[in-house]
Structure formats: structure tokens, C-alpha cells
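See below for start33.txt, which holds compact mmCIF, C-alpha atoms and all ligand atoms.
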# COMPACT_ATOMS: atom_id res chain seq x y z
CA MET A 23 -3.02 26.65 -5.19
CA LEU A 24 -0.22 24.95 -7.08
CA ASP A 25 1.96 28.02 -6.50
CA ASP A 26 1.57 27.65 -2.75
CA LEU A 27 2.48 24.02 -3.02
CA SER A 28 5.55 24.44 -5.15
CA ASN A 29 6.95 27.62 -3.60
CA GLY A 30 7.99 28.95 -6.99
CA LEU A 31 9.66 25.71 -8.10
CA LEU A 32 7.08 25.15 -10.83
CA GLU A 33 7.81 28.59 -12.30
CA LEU A 34 11.47 27.65 -12.39
CA LEU A 35 10.67 24.39 -14.15
CA GLU A 36 8.31 26.18 -16.52
CA GLN A 37 11.17 28.42 -17.68
CA HIS A 38 13.73 25.61 -17.76
CA ASP A 39 11.64 22.84 -19.35
CA PRO A 40 8.12 23.85 -20.36
CA GLU A 41 7.41 20.43 -21.84
CA VAL A 42 7.91 18.55 -18.56
CA SER A 43 6.37 21.42 -16.61
CA ARG A 44 3.16 21.13 -18.63
CA ILE A 45 2.92 17.37 -17.96
CA LEU A 46 3.46 17.85 -14.22
CA THR A 47 0.87 20.59 -13.89
CA ASP A 48 -1.62 18.52 -15.91
CA GLU A 49 -1.07 15.65 -13.49
CA ALA A 50 -1.59 17.95 -10.51
CA THR A 51 -4.85 19.12 -12.07
CA ARG A 52 -5.89 15.51 -12.72
CA GLN A 53 -5.27 14.60 -9.09
CA SER A 54 -7.07 17.63 -7.71
CA THR A 55 -10.18 17.19 -9.89
CA THR A 56 -10.71 13.43 -9.66
CA LEU A 57 -11.78 11.04 -6.91
CA GLU A 58 -8.94 8.62 -6.09
CA LEU A 59 -10.29 5.26 -4.96
CA ILE A 60 -7.25 3.09 -5.65
CA ALA A 61 -6.66 1.46 -2.27
CA SER A 62 -2.86 1.68 -2.51
CA GLU A 63 -2.69 5.39 -3.39
CA ASN A 64 -2.79 8.55 -1.32
CA HIS A 65 -1.91 12.26 -1.45
CA VAL A 66 1.21 13.32 0.48
CA SER A 67 1.45 16.57 2.42
CA PRO A 68 3.29 19.53 0.88
CA ALA A 69 6.04 18.97 3.50
CA VAL A 70 6.62 15.36 2.40
CA MET A 71 6.57 16.48 -1.23
CA HIS A 72 9.09 19.24 -0.61
CA ALA A 73 11.46 16.92 1.25
CA MET A 74 11.54 14.62 -1.79
CA GLY A 75 12.49 17.47 -4.08
CA THR A 76 15.64 18.57 -2.27
CA TRP A 77 19.43 18.57 -2.56
CA MET A 78 19.52 15.31 -0.58
CA THR A 79 19.18 13.66 -4.00
CA ASN A 80 22.70 14.79 -4.93
CA LYS A 81 24.56 12.44 -2.62
CA TYR A 82 25.86 8.89 -2.69
CA ALA A 83 25.61 7.43 0.80
CA GLU A 84 26.16 3.66 0.46
CA GLY A 85 26.39 2.10 3.89
CA TYR A 86 24.57 3.15 7.04
CA PRO A 87 24.79 6.13 9.44
CA GLY A 88 28.34 6.33 10.81
CA LYS A 89 29.63 3.68 8.33
CA ARG A 90 29.47 5.07 4.80
CA TYR A 91 31.56 4.38 1.73
CA TYR A 92 31.56 8.09 0.78
CA GLY A 93 32.62 11.29 2.50
CA GLY A 94 30.30 14.24 3.10
CA CYS A 95 27.47 12.22 4.68
CA GLU A 96 27.10 14.15 7.96
CA PHE A 97 23.54 15.35 7.27
CA HIS A 98 22.55 12.16 5.48
CA ASP A 99 23.51 10.27 8.63
CA GLN A 100 21.39 12.64 10.68
CA VAL A 101 18.31 12.35 8.51
CA GLU A 102 18.55 8.55 8.13
CA GLU A 103 19.00 8.13 11.89
CA LEU A 104 15.99 10.38 12.50
CA ALA A 105 13.90 8.33 10.05
CA ARG A 106 14.99 5.09 11.76
CA GLN A 107 14.18 6.39 15.26
CA ARG A 108 10.77 7.66 14.18
CA ALA A 109 9.93 4.38 12.38
CA LYS A 110 10.85 2.36 15.49
CA LYS A 111 8.73 4.58 17.71
CA LEU A 112 5.82 4.42 15.31
CA PHE A 113 5.72 0.62 15.15
CA GLY A 114 7.01 -0.08 18.67
CA CYS A 115 9.98 -2.19 17.57
CA LYS A 116 13.74 -2.22 18.04
CA PHE A 117 15.18 -2.15 14.50
CA ALA A 118 14.30 -0.34 11.29
CA ASN A 119 15.92 -0.21 7.86
CA VAL A 120 14.58 2.79 5.92
CA GLN A 121 16.61 2.24 2.74
CA PRO A 122 14.44 -0.10 0.58
CA HIS A 123 13.48 1.76 -2.58
CA SER A 124 10.03 0.10 -2.60
CA GLY A 125 7.90 -2.53 -0.93
CA ALA A 126 8.98 -5.11 -3.50
CA ASN A 127 12.65 -4.28 -2.82
CA ALA A 128 12.00 -4.60 0.92
CA ASN A 129 10.61 -8.06 0.22
CA VAL A 130 13.68 -9.04 -1.85
CA ALA A 131 15.93 -8.17 1.11
CA ALA A 132 13.58 -9.91 3.58
CA PHE A 133 13.57 -13.14 1.53
CA MET A 134 17.37 -13.00 1.22
CA ALA A 135 17.78 -12.37 4.95
CA MET A 136 15.54 -15.22 6.09
CA CYS A 137 15.78 -17.89 3.36
CA GLU A 138 18.18 -19.63 0.98
CA PRO A 139 17.30 -20.10 -2.69
CA GLY A 140 15.18 -23.23 -3.05
CA ASP A 141 13.62 -22.92 0.41
CA THR A 142 9.88 -23.45 0.75
CA ILE A 143 7.75 -20.39 1.42
CA MET A 144 3.99 -20.34 1.97
CA SER A 145 1.94 -17.36 0.79
CA LEU A 146 -1.44 -16.29 -0.53
CA PRO A 147 -1.33 -16.11 -4.36
CA ILE A 148 -1.96 -12.85 -6.17
CA LYS A 149 -5.22 -14.19 -7.63
CA SER A 150 -6.62 -14.40 -4.10
CA GLY A 151 -5.34 -11.03 -2.87
CA GLY A 152 -1.61 -11.63 -2.34
CA HIS A 153 1.26 -9.65 -3.86
CA LEU A 154 3.44 -10.54 -6.82
CA SER A 155 6.59 -10.35 -4.67
CA HIS A 156 5.18 -13.08 -2.41
CA GLY A 157 5.72 -15.85 -4.95
CA LEU A 158 4.37 -15.13 -8.44
CA LYS A 159 6.16 -17.46 -10.89
CA VAL A 160 7.53 -14.64 -13.06
CA ASN A 161 8.73 -12.63 -10.02
CA PHE A 162 12.10 -13.14 -8.24
CA SER A 163 10.14 -14.78 -5.42
CA GLY A 164 8.60 -17.47 -7.60
CA THR A 165 11.84 -17.92 -9.55
CA PHE A 166 14.26 -18.53 -6.67
CA TYR A 167 12.05 -20.08 -3.98
CA LYS A 168 9.67 -23.03 -3.81
CA ILE A 169 6.29 -21.42 -3.27
CA VAL A 170 3.37 -23.25 -1.70
CA ASP A 171 0.09 -21.36 -2.04
CA TYR A 172 -2.41 -21.22 0.77
CA ASP A 173 -5.85 -19.96 -0.09
CA LEU A 174 -9.00 -18.37 1.25
CA ASP A 175 -11.97 -20.38 2.38
CA PRO A 176 -14.11 -20.44 -0.80
CA LYS A 177 -17.33 -19.87 1.18
CA THR A 178 -16.28 -17.12 3.59
CA GLU A 179 -13.54 -15.66 1.34
CA ARG A 180 -11.49 -15.25 4.53
CA LEU A 181 -8.23 -16.82 5.71
CA ASP A 182 -8.77 -20.46 6.68
CA PHE A 183 -6.32 -21.12 9.53
CA ASP A 184 -7.11 -24.84 9.76
CA ALA A 185 -6.25 -25.29 6.09
CA ILE A 186 -3.11 -23.12 6.44
CA ALA A 187 -1.96 -25.15 9.46
CA LYS A 188 -2.55 -28.41 7.56
CA LEU A 189 -0.46 -27.18 4.61
CA ALA A 190 2.30 -26.03 6.97
CA ARG A 191 2.41 -29.49 8.60
CA GLN A 192 2.61 -31.07 5.16
CA HIS A 193 5.23 -28.78 3.56
CA LYS A 194 7.27 -27.60 6.60
CA PRO A 195 8.01 -24.17 5.08
CA LYS A 196 11.02 -22.07 6.01
CA MET A 197 8.82 -18.98 6.00
CA ILE A 198 5.13 -18.09 5.95
CA ILE A 199 4.04 -14.70 4.60
CA CYS A 200 0.94 -12.84 5.70
CA GLY A 201 -0.15 -9.33 4.68
CA TYR A 202 -1.93 -8.70 1.38
CA SER A 203 -2.86 -6.34 -1.46
CA ALA A 204 -6.56 -7.08 -1.65
CA TYR A 205 -7.77 -8.59 1.62
CA PRO A 206 -10.48 -6.56 3.38
CA ARG A 207 -10.34 -8.30 6.77
CA VAL A 208 -8.25 -8.11 9.95
CA ILE A 209 -5.16 -10.35 9.91
CA ASP A 210 -4.69 -12.56 12.96
CA PHE A 211 -0.90 -12.41 13.31
CA ALA A 212 -0.95 -14.50 16.52
CA ALA A 213 -2.70 -17.36 14.70
CA PHE A 214 -0.04 -17.26 11.97
CA ARG A 215 2.73 -17.36 14.58
CA THR A 216 1.17 -20.41 16.25
CA ILE A 217 1.23 -22.18 12.87
CA CYS A 218 4.87 -21.14 12.33
CA ASP A 219 5.88 -22.43 15.75
CA GLU A 220 4.31 -25.82 15.04
CA VAL A 221 6.60 -26.37 12.03
CA PRO A 222 9.57 -28.52 13.16
CA GLY A 223 12.43 -26.10 13.90
CA GLY A 224 9.98 -23.21 13.62
CA ALA A 225 9.05 -21.30 10.44
CA VAL A 226 9.79 -17.59 10.05
CA LEU A 227 6.72 -15.34 10.10
CA MET A 228 6.98 -12.46 7.65
CA ALA A 229 4.27 -9.78 7.74
CA ASP A 230 3.96 -7.47 4.75
CA LEU A 231 2.01 -4.47 6.05
CA ALA A 232 2.21 -2.49 2.81
CA HIS A 233 -1.51 -1.73 2.68
CA ILE A 234 -2.37 -1.47 6.36
CA ALA A 235 0.80 0.09 7.82
CA GLY A 236 -0.92 3.35 8.79
CA LEU A 237 -3.74 1.45 10.49
CA VAL A 238 -1.21 -0.70 12.38
CA ALA A 239 0.93 2.29 13.39
CA THR A 240 -2.10 3.94 14.98
CA GLY A 241 -3.58 0.84 16.62
CA VAL A 242 -6.57 0.80 14.27
CA HIS A 243 -5.42 -2.68 13.15
CA PRO A 244 -3.57 -5.09 15.51
CA SER A 245 0.22 -5.03 15.30
CA PRO A 246 2.30 -7.91 13.90
CA PHE A 247 4.67 -7.43 16.86
CA PRO A 248 5.53 -9.49 18.87
CA HIS A 249 4.38 -12.29 16.54
CA ALA A 250 6.24 -11.61 13.29
CA HIS A 251 10.00 -12.15 12.99
CA ILE A 252 10.30 -9.71 10.11
CA VAL A 253 7.95 -6.96 8.92
CA THR A 254 8.05 -5.17 5.59
CA THR A 255 5.96 -2.31 4.29
CA THR A 256 5.66 0.46 1.79
CA THR A 257 5.59 4.01 3.11
CA HIS A 258 3.17 5.59 0.65
CA LYS A 259 -0.20 3.87 1.09
CA THR A 260 -2.10 4.32 4.37
CA LEU A 261 1.16 5.72 5.84
CA ARG A 262 0.85 8.65 3.38
CA GLY A 263 4.59 9.19 3.09
CA PRO A 264 6.86 9.19 0.02
CA ARG A 265 6.90 6.19 -2.34
CA GLY A 266 9.30 3.70 -0.75
CA GLY A 267 9.90 0.70 1.49
CA LEU A 268 10.77 -0.11 5.10
CA ILE A 269 11.82 -3.25 7.04
CA LEU A 270 11.30 -3.72 10.77
CA SER A 271 12.22 -6.33 13.36
CA ASN A 272 12.77 -6.88 17.04
CA ASP A 273 15.67 -9.30 16.78
CA GLU A 274 19.24 -8.04 16.63
CA GLU A 275 20.55 -10.98 14.59
CA ILE A 276 17.71 -10.67 12.05
CA ALA A 277 18.26 -6.90 11.90
CA LYS A 278 21.95 -7.40 11.04
CA LYS A 279 21.00 -9.77 8.22
CA ILE A 280 18.39 -7.33 6.93
CA ASP A 281 20.93 -4.51 6.79
CA ARG A 282 23.40 -6.70 4.85
CA LYS A 283 20.76 -7.88 2.42
CA VAL A 284 19.47 -4.37 1.68
CA PHE A 285 23.00 -3.04 1.17
CA PRO A 286 25.13 -4.48 -0.38
CA GLY A 287 22.85 -7.51 -0.93
CA SER A 288 20.25 -6.01 -3.22
CA GLN A 289 20.62 -2.22 -3.45
CA GLY A 290 23.35 0.34 -4.01
CA GLY A 291 23.10 4.00 -3.05
CA PRO A 292 20.05 4.81 -0.91
CA LEU A 293 17.62 7.47 -2.16
CA MET A 294 18.49 10.01 0.51
CA HIS A 295 15.89 12.58 -0.62
CA ILE A 296 13.24 9.88 -0.17
CA ILE A 297 14.67 8.90 3.21
CA ALA A 298 14.41 12.57 4.26
CA ALA A 299 10.78 12.54 3.14
CA LYS A 300 10.21 9.25 5.01
CA ALA A 301 11.44 11.03 8.17
CA VAL A 302 8.94 13.83 7.55
CA GLY A 303 6.15 11.33 6.87
CA PHE A 304 6.90 9.31 10.03
CA GLY A 305 6.90 12.59 11.99
CA GLU A 306 3.38 13.24 10.68
CA ASN A 307 2.35 9.65 11.49
CA LEU A 308 3.35 10.16 15.13
CA ARG A 309 0.94 13.08 15.59
CA PRO A 310 -2.48 12.45 17.20
CA GLU A 311 -4.32 13.75 14.13
CA PHE A 312 -2.91 10.86 12.09
CA LYS A 313 -4.73 8.40 14.36
CA THR A 314 -7.96 10.35 13.82
CA TYR A 315 -7.29 10.14 10.08
CA CYS A 316 -6.76 6.36 10.15
CA LYS A 317 -9.95 5.79 12.17
CA GLN A 318 -11.83 7.86 9.59
CA ILE A 319 -10.35 5.79 6.72
CA VAL A 320 -11.95 2.69 8.24
CA ALA A 321 -15.24 4.44 9.06
CA ASN A 322 -15.38 5.70 5.46
CA ALA A 323 -14.66 2.23 4.07
CA LYS A 324 -17.52 0.79 6.12
CA ALA A 325 -19.87 3.56 4.95
CA LEU A 326 -18.91 3.10 1.29
CA ALA A 327 -19.27 -0.67 1.62
CA GLU A 328 -22.75 -0.39 3.16
CA ALA A 329 -23.90 2.07 0.51
CA LEU A 330 -22.67 -0.19 -2.31
CA VAL A 331 -24.53 -3.16 -0.85
CA LYS A 332 -27.70 -1.02 -0.85
CA HIS A 333 -27.09 -0.39 -4.56
CA GLY A 334 -27.06 -4.15 -5.18
CA TYR A 335 -23.35 -4.99 -5.20
CA ARG A 336 -21.85 -8.01 -3.44
CA LEU A 337 -18.74 -7.46 -1.34
CA CYS A 338 -16.24 -10.29 -1.10
CA SER A 339 -16.17 -11.70 2.45
CA GLY A 340 -19.34 -9.67 3.12
CA GLY A 341 -17.72 -6.32 3.92
CA THR A 342 -14.56 -4.70 5.22
CA ASP A 343 -12.59 -4.21 8.45
CA ASN A 344 -9.88 -2.02 6.94
CA HIS A 345 -9.36 0.60 4.25
CA LEU A 346 -10.45 -1.44 1.23
CA MET A 347 -13.21 -3.58 -0.19
CA LEU A 348 -13.42 -6.01 -3.08
CA VAL A 349 -16.60 -5.50 -5.05
CA ASP A 350 -18.00 -8.45 -6.97
CA LEU A 351 -19.81 -6.74 -9.85
CA ARG A 352 -21.71 -9.79 -11.09
CA GLN A 353 -24.59 -9.54 -8.65
CA ARG A 354 -25.43 -6.01 -9.88
CA ASP A 355 -25.05 -7.06 -13.53
CA PRO A 356 -23.71 -10.47 -14.67
CA ASN A 357 -22.20 -8.86 -17.78
CA LEU A 358 -20.37 -6.08 -15.94
CA THR A 359 -16.57 -6.51 -15.90
CA GLY A 360 -13.88 -4.80 -13.86
CA ALA A 361 -12.15 -3.63 -17.05
CA ASP A 362 -15.28 -1.89 -18.39
CA ALA A 363 -16.11 -0.35 -15.01
CA GLU A 364 -12.55 1.01 -14.60
CA LYS A 365 -12.67 2.62 -18.06
CA TRP A 366 -16.15 4.14 -17.68
CA LEU A 367 -15.44 5.42 -14.19
CA GLU A 368 -12.21 7.09 -15.30
CA SER A 369 -14.18 8.98 -17.95
CA ALA A 370 -16.38 10.21 -15.10
CA GLY A 371 -13.37 11.30 -13.02
CA ILE A 372 -13.45 8.36 -10.60
CA ILE A 373 -10.17 6.44 -10.49
CA VAL A 374 -10.34 2.77 -9.52
CA ASN A 375 -8.60 -0.49 -10.40
CA LYS A 376 -10.16 -3.64 -11.76
CA ASN A 377 -9.31 -6.54 -9.51
CA GLY A 378 -9.85 -10.26 -9.64
CA ILE A 379 -12.17 -11.56 -6.95
CA PRO A 380 -11.47 -14.93 -5.27
CA ASN A 381 -11.97 -17.70 -7.85
CA ASP A 382 -12.70 -15.15 -10.56
CA PRO A 383 -13.75 -16.89 -13.78
CA ARG A 384 -12.49 -13.93 -15.84
CA PRO A 385 -8.82 -13.27 -16.72
CA PRO A 386 -6.73 -10.66 -14.80
CA MET A 387 -7.02 -8.00 -17.53
CA VAL A 388 -10.84 -8.29 -17.47
CA THR A 389 -11.90 -9.45 -13.96
CA SER A 390 -15.30 -9.49 -12.25
CA GLY A 391 -14.34 -7.03 -9.55
CA LEU A 392 -13.15 -3.66 -8.40
CA ARG A 393 -10.87 -2.98 -5.43
CA LEU A 394 -11.91 0.28 -3.77
CA GLY A 395 -10.09 2.08 -0.96
CA THR A 396 -10.75 5.18 1.09
CA PRO A 397 -7.30 6.52 2.17
CA ALA A 398 -7.06 9.21 -0.53
CA LEU A 399 -10.66 10.45 -0.17
CA THR A 400 -10.16 10.59 3.60
CA THR A 401 -7.05 12.73 3.09
CA ARG A 402 -9.34 15.23 1.33
CA GLY A 403 -11.42 15.42 4.51
CA MET A 404 -14.38 13.40 3.26
CA LYS A 405 -16.52 11.55 5.78
CA GLU A 406 -19.35 8.97 5.84
CA LYS A 407 -21.87 11.34 4.17
CA GLU A 408 -19.62 11.81 1.15
CA MET A 409 -19.12 8.03 0.88
CA GLY A 410 -22.88 7.75 0.22
CA LEU A 411 -22.51 10.28 -2.61
CA VAL A 412 -19.50 8.45 -4.04
CA ALA A 413 -21.42 5.14 -4.02
CA GLN A 414 -24.26 6.85 -5.90
CA MET A 415 -21.84 8.17 -8.50
CA LEU A 416 -20.21 4.75 -8.91
CA ASP A 417 -23.59 3.17 -9.43
CA ARG A 418 -24.84 5.83 -11.84
CA VAL A 419 -21.87 5.15 -14.11
CA MET A 420 -21.87 1.36 -13.85
CA GLY A 421 -25.68 1.11 -13.89
CA SER A 422 -25.76 3.07 -17.16
CA ASN A 423 -23.17 0.78 -18.80
CA GLY A 424 -20.87 3.74 -19.18
CA ASP A 425 -23.39 5.87 -21.09
CA ALA A 426 -21.44 8.93 -22.34
CA LYS A 427 -24.08 11.43 -21.20
CA VAL A 428 -24.30 9.93 -17.71
CA CYS A 429 -20.48 9.83 -17.40
CA ALA A 430 -20.29 13.50 -18.42
CA GLU A 431 -22.90 14.44 -15.78
CA VAL A 432 -21.10 12.48 -13.10
CA ARG A 433 -17.80 14.10 -14.18
CA GLU A 434 -19.30 17.48 -13.31
CA ASP A 435 -20.54 16.21 -9.93
CA VAL A 436 -17.07 14.82 -9.24
CA ARG A 437 -15.52 18.21 -10.00
CA GLY A 438 -17.95 19.81 -7.57
CA LEU A 439 -17.19 17.33 -4.79
CA CYS A 440 -13.44 17.75 -5.35
CA ALA A 441 -13.83 21.53 -5.15
CA ASP A 442 -15.65 21.14 -1.81
CA PHE A 443 -12.78 18.99 -0.48
CA PRO A 444 -9.63 20.52 -1.98
CA LEU A 445 -6.38 18.60 -1.85
CA TRP A 446 -4.10 21.53 -1.23
CA HIS A 447 -5.58 24.13 1.11
N1 LIG A 501 0.56 -2.18 -6.61
C1 LIG A 501 0.26 -2.22 -5.21
C2 LIG A 501 -1.21 -2.26 -4.97
O1 LIG A 501 -1.93 -1.63 -5.71
O2 LIG A 501 -1.66 -2.89 -4.03
C3 LIG A 501 0.94 -3.30 -4.50
O3 LIG A 501 2.30 -3.21 -4.75
Encoding of this model in C-alpha cells:
Amino acid sequence: MLDDLSNGLLELLEQHDPEVSRILTDEATRQSTTLELIASENHVSPAVMHAMGTWMTNKYAEGYPGKRYYGGCEFHDQVEELARQRAKKLFGCKFANVQPHSGANANVAAFMAMCEPGDTIMSLPIKSGGHLSHGLKVNFSGTFYKIVDYDLDPKTERLDFDAIAKLARQHKPKMIICGYSAYPRVIDFAAFRTICDEVPGGAVLMADLAHIAGLVATGVHPSPFPHAHIVTTTTHKTLRGPRGGLILSNDEEIAKKIDRKVFPGSQGGPLMHIIAAKAVGFGENLRPEFKTYCKQIVANAKALAEALVKHGYRLCSGGTDNHLMLVDLRQRDPNLTGADAEKWLESAGIIVNKNGIPNDPRPPMVTSGLRLGTPALTTRGMKEKEMGLVAQMLDRVMGSNGDAKVCAEVREDVRGLCADFPLWH
């Protein structure tokens, strides 16, 4: 199985550096024999993986297609242009920059393109489902910009547009950010744009699609266009491409600023092997089967959510519209913490991350919640029926307080389920 995937490259590595080779094959075995429920992770296709591991890594290509600071970029121009064209087609927009090394780097360039240091930016804080690059104090965003937090309605645990509009009137931000790391509901981009337009002079609307980009690209979640001025995303979550970032817009002037702020503003040489893999990933995203996949991600999330509720868990906001759910563990067992659940579940071969729930009384390294997502299980071909089995396994482990015997039994069931839905066919 691994041989098919690596086309002999692993044998080469095994001879050249057995120590690293052993670690890589162990990781491949870990991935193939465990259930991946981290909402931001996925399994790329062999084609995407191969593109990352190519000679495109050998080249410096600072600049953009047709305007590079180094010679020898003919094929790098071709592959970057192809990636740009495919990204634009995928999201139905006019401009794409495929060079950001990550989602956080994309956000650095977006902030620099749209704001000056000291400007006021409104965003959802990380404790309520936002991202650290949207304004956390210790991050560049919280260091160089004045961040005003908006929050979720404490009762519904959903975005409260009246409260957001009120804050915008009060603080007159330069930019408002929407798009989150742990928000299970549809984002109303039009409502955000209305709020931006009501700010005197108009606030910039930035949409960070990192989690939901695949759903947006396939119409399974509404698009931020034409509402957002600038759109950032990662390429490796629901998009299932290589680890990296992407910035999109429809405005030529904004696009020029974005290009300048990615290079030379915040990055040097682009990772051309990753850009080649982004092109391959976007090519996959444009195929009809990717839309079927994204619909199934959401159907699976709904099925998993319903099954967990039947097992006695409370879901923040009452459920999910997208690929993820936030599970409040306290209803099932007031003493259960996210940290304990994450550790016990890993011993049973189920990989999750502890996550604070809105207004969580416990600290971030403990938490009262888990964030669960279905993109990776859906990549394996699992459907609603398997989500019922996964919910049972989750509950067996957590309901037993991580009993070693129960975890060992579930570990075997996990191996069986993984074998029925292999990663690499
Ligand atoms: N770390 C990512 C996530 O898990 O959502 C966001 O960058």
C-alpha cells in the first residue's frame, strides 16, 4: 500500500536515511490505522502528495509569473499561473495569490494590504471560535492592530448581528473579519457587508474561509463573493490540498496591494513545490466528485452530531451546518474535560482536539469541549452509518472514563473500521 503511494521513493529514503524513513512510515501507519476527527485535518491524494515531493522545491522564484528576480523560472511561471487560474475558477473571482506559505501568512499579508498599524479591526476572539491570527494579543495581529472583539450570543451561541452592528457603530473599525476555526454554523457574509457599509467611509470585509473553503468552492456553503473585499484561506482543510495559504479578491487595486504585501512585504521565495501541489489540488476541487465529497462531509457531520446528542452530549449552538461541531462534554458528565477525553480517545485510536466552548469556565489546556470534524473520515469513504459507529466508540471511551480495557477494545474496533475504509486504495 505504501509502496504504491511512494512509487519507490520510500525505498530510496530507507537506504539513504533509515532513521527518518522509519519515522515517516510509522506516521503513515498511524494515519492509516486511526480515525482522524480533527476538523482542520484531511488526507491528500497521492497526486497532491507526489507534487509536493518534486524538483520544484529546488528553485528560487521570488516575484510573480513573468516578473521574477531569478532566471530559470519558465516552468515555475507555468505552474503558478495554472494554480492561479484554477483558484479563480474555483471561487468565481478575478484575482488569486497562491504564494502564502500558510493561512496565518495569508492573514499577515491581508492585514498589511488593507490596514495600517494601529488601525481598529473587529473580530471574534479565539476563545469563542476565532483564530489566533485574527487578533490574539500575543500574535502579530494583536500586537500591531487595535482589536475590538465581537462575540456570540450567549444563549444561542451564534453570531449576533445586532450586537456586531452596534459595536461597529461605536468603534468605526477599518476592517471586520468573519470566518472562524470553531464555528459550526453558516456565515451570513451579506449581513457582515451591510454592517461594514454602515461604518462611515466603509469598513473592509475580510473573510477567512480556512475551514470551509471546500464547502464554499462547491456551493455547499454560500460564497463570500461579492460581499467580501478580501478573502483568505488555507488549502489543506476541506479543500484537501497541500498545507498552505491563498488570498482572493475581485478588486484590481486590492489585488495589487495583496501581491506587494505577500512578496516582498512578508515573504521571500515562494514554495514552488507546494504551489505545484496547490495546482493539482485545485484541479481535483474542480471535478464533480469533489462536490459530492463536500456534500457528504456535511451529511456526515449532521449524522455524527445527531448520534452524539442521542448519547447525551450537548452541542454548542444546538448542532451543525458545516463540517464541524463543538461538543460540550459537561452534560454527559460534569467532571469530563476536553483534555482527558483527547488523551483517552487517542489511546483508542481516535484523534480529536480539546476545544474551549463559548464561555468555557475551564482554561484552554483543559477545556470543557471537543471540536469534531468529518472531512478526513469522509475522505476514507465513510457515510452516515459509520458516523453512528464512531459516535458509539467516542461514547464508550468517554463513558468509561478512559478505562484501559475499554480503550483497548475500541482500539481494535477502530483498526477494523479503518481496514474497511482504507486511505490509500
Ligand atoms: N490550527 C487550525 C485549526 O485547527 O483550526 C487553525 O489554524
For region 53-70 of chain A, find every residue with an atom within 8 Å (counting all atoms listed in the file), except residues of its own chain fewer than 5 positions away, and show them as a PyMOL selection string. chain A and resi 27+233+258-260+262-264+299-300+302-303+345-346+371-375+393-399+401+436-437+440-441+444-446
Could you pull the residues within 9 Å of region 347-361 of chain A, counting all atoms listed in the file, minus those fewer than 2 positions along the same chain, as a PyMOL selection string? chain A and resi 61+204-207+323-324+326-327+330+333-339+341-345+363-366+375-379+384+387-395+420-421+423
What is the distance, in Å and to one decimal place, between CA of Gly88 (chain A) and CA of Val101 (chain A)?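 Spanning CA of Gly88 (chain A) to CA of Val101 (chain A) is a straight-line distance of 11.9 Å.
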May I have the residues at most 12 Å from (-5.7, -15.1, 12.9) in the file's coordinates, counting only C-alpha atoms, as a PyMOL selection string? chain A and resi 180-184+186-187+200-201+207-217+244-246+249
Could you check the closest approach to ligand LIG 501 (chain A) for each of A:Pro310, A:Gly241, A:Gly125, A:Gly224 and tell me which residue wins, using all atoms listed in the file?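 Closest to ligand LIG 501 (chain A), using all atoms listed in the file: A:Gly125.
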Around all of ligand LIG 501 (chain A)'s listed atoms, make the axis-aligned box with 3 Å on each side and tell me centre and edge lengths in Å to one decimal, as JSON.
{"center_x": 0.2, "center_y": -2.5, "center_z": -5.3, "size_x": 10.2, "size_y": 7.7, "size_z": 8.6}
Selection: 6 Å around region 134-148 of chain A, all atoms listed in the file, excl. self and same-chain fewer than 2 positions, as an MDAnalysis selection string: chainID A and resid 131:132 150:154 166:173 195:199 279:280 283
I'd like the neighbourhood of region 314-318 of chain A as a list in words, where a residue qualifies if any of its atoms comes within 7 Å (using only C-alpha atoms), though same-chain residues fewer than 5 positions away should be ignored.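 Contacts, with the query itself left out: Gly236, Leu237, Val242 and Thr400 of chain A.
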Enumerate, as a ChimeraX atom specification, the protein, DNA and RNA residues whose atoms approach (4.8, 2.6, 4.8) to within 6 Å, taking into account only C-alpha atoms and the coordinate frame of the file. /A:235,255-258,261
Quick check, in Å to one decimal: how far apart do CA of Asp362 (chain A) and atom O3 of ligand LIG 501 (chain A) lie?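 According to the coordinates, CA of Asp362 (chain A) and atom O3 of ligand LIG 501 (chain A) are separated by 22.3 Å.
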One decimal, Å: what's the distance from CA of Ile276 (chain A) over to CA of Phe97 (chain A), could you say? 27.1 Å
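The neighbours of region 409-415 of chain A here are the residues that come within 6 Å of it, using all atoms listed in the file and leaving out any residue fewer than 2 positions away in the same chain; they are Leu326, Ala329, Leu330, Glu406, Lys407, Asp417 and Arg418 of chain A.
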Counting all atoms listed in the file, the option among A:Arg265, A:Lys177, A:Lys89, A:His72 closest to ligand LIG 501 (chain A):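 With all atoms listed in the file as the atom set, the closest residue is A:Arg265.
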My list of candidates is A:Thr240, A:Ser271, A:Asn322, A:Ser155. Which is closest to ligand LIG 501 (chain A) when distances are computed with all atoms listed in the file? A:Ser155
Since the input has fewer atoms than a full residue there, write region 398-407 of chain A out with N, CA, C and O atoms, as an mmCIF file, in the frame of the given file.
data_model
loop_
_atom_site.group_PDB
_atom_site.id
_atom_site.type_symbol
_atom_site.label_atom_id
_atom_site.label_comp_id
_atom_site.auth_asym_id
_atom_site.auth_seq_id
_atom_site.Cartn_x
_atom_site.Cartn_y
_atom_site.Cartn_z
ATOM 1 N N ALA A 398 -7.264 7.925 0.168
ATOM 2 C CA ALA A 398 -7.060 9.210 -0.530
ATOM 3 C C ALA A 398 -8.264 10.148 -0.334
ATOM 4 O O ALA A 398 -8.094 11.357 -0.122
ATOM 5 N N LEU A 399 -9.474 9.600 -0.386
ATOM 6 C CA LEU A 399 -10.660 10.450 -0.170
ATOM 7 C C LEU A 399 -10.674 10.985 1.259
ATOM 8 O O LEU A 399 -11.095 12.121 1.525
ATOM 9 N N THR A 400 -10.197 10.164 2.199
ATOM 10 C CA THR A 400 -10.160 10.590 3.600
ATOM 11 C C THR A 400 -9.133 11.708 3.783
ATOM 12 O O THR A 400 -9.345 12.628 4.582
ATOM 13 N N THR A 401 -8.045 11.643 3.033
ATOM 14 C CA THR A 401 -7.050 12.730 3.090
ATOM 15 C C THR A 401 -7.690 14.054 2.674
ATOM 16 O O THR A 401 -7.348 15.114 3.197
ATOM 17 N N ARG A 402 -8.649 14.003 1.749
ATOM 18 C CA ARG A 402 -9.340 15.230 1.330
ATOM 19 C C ARG A 402 -10.275 15.777 2.421
ATOM 20 O O ARG A 402 -10.810 16.859 2.284
ATOM 21 N N GLY A 403 -10.522 14.976 3.445
ATOM 22 C CA GLY A 403 -11.420 15.420 4.510
ATOM 23 C C GLY A 403 -12.829 14.869 4.378
ATOM 24 O O GLY A 403 -13.736 15.264 5.113
ATOM 25 N N MET A 404 -13.026 13.953 3.435
ATOM 26 C CA MET A 404 -14.380 13.400 3.260
ATOM 27 C C MET A 404 -14.723 12.451 4.411
ATOM 28 O O MET A 404 -13.853 11.804 4.973
ATOM 29 N N LYS A 405 -16.043 12.397 4.696
ATOM 30 C CA LYS A 405 -16.520 11.550 5.780
ATOM 31 C C LYS A 405 -17.635 10.630 5.253
ATOM 32 O O LYS A 405 -17.823 10.526 4.051
ATOM 33 N N GLU A 406 -18.354 9.989 6.211
ATOM 34 C CA GLU A 406 -19.350 8.970 5.840
ATOM 35 C C GLU A 406 -20.380 9.518 4.838
ATOM 36 O O GLU A 406 -20.787 8.823 3.909
ATOM 37 N N LYS A 407 -20.831 10.774 5.053
ATOM 38 C CA LYS A 407 -21.870 11.340 4.170
ATOM 39 C C LYS A 407 -21.393 11.342 2.708
ATOM 40 O O LYS A 407 -22.142 10.979 1.796
#
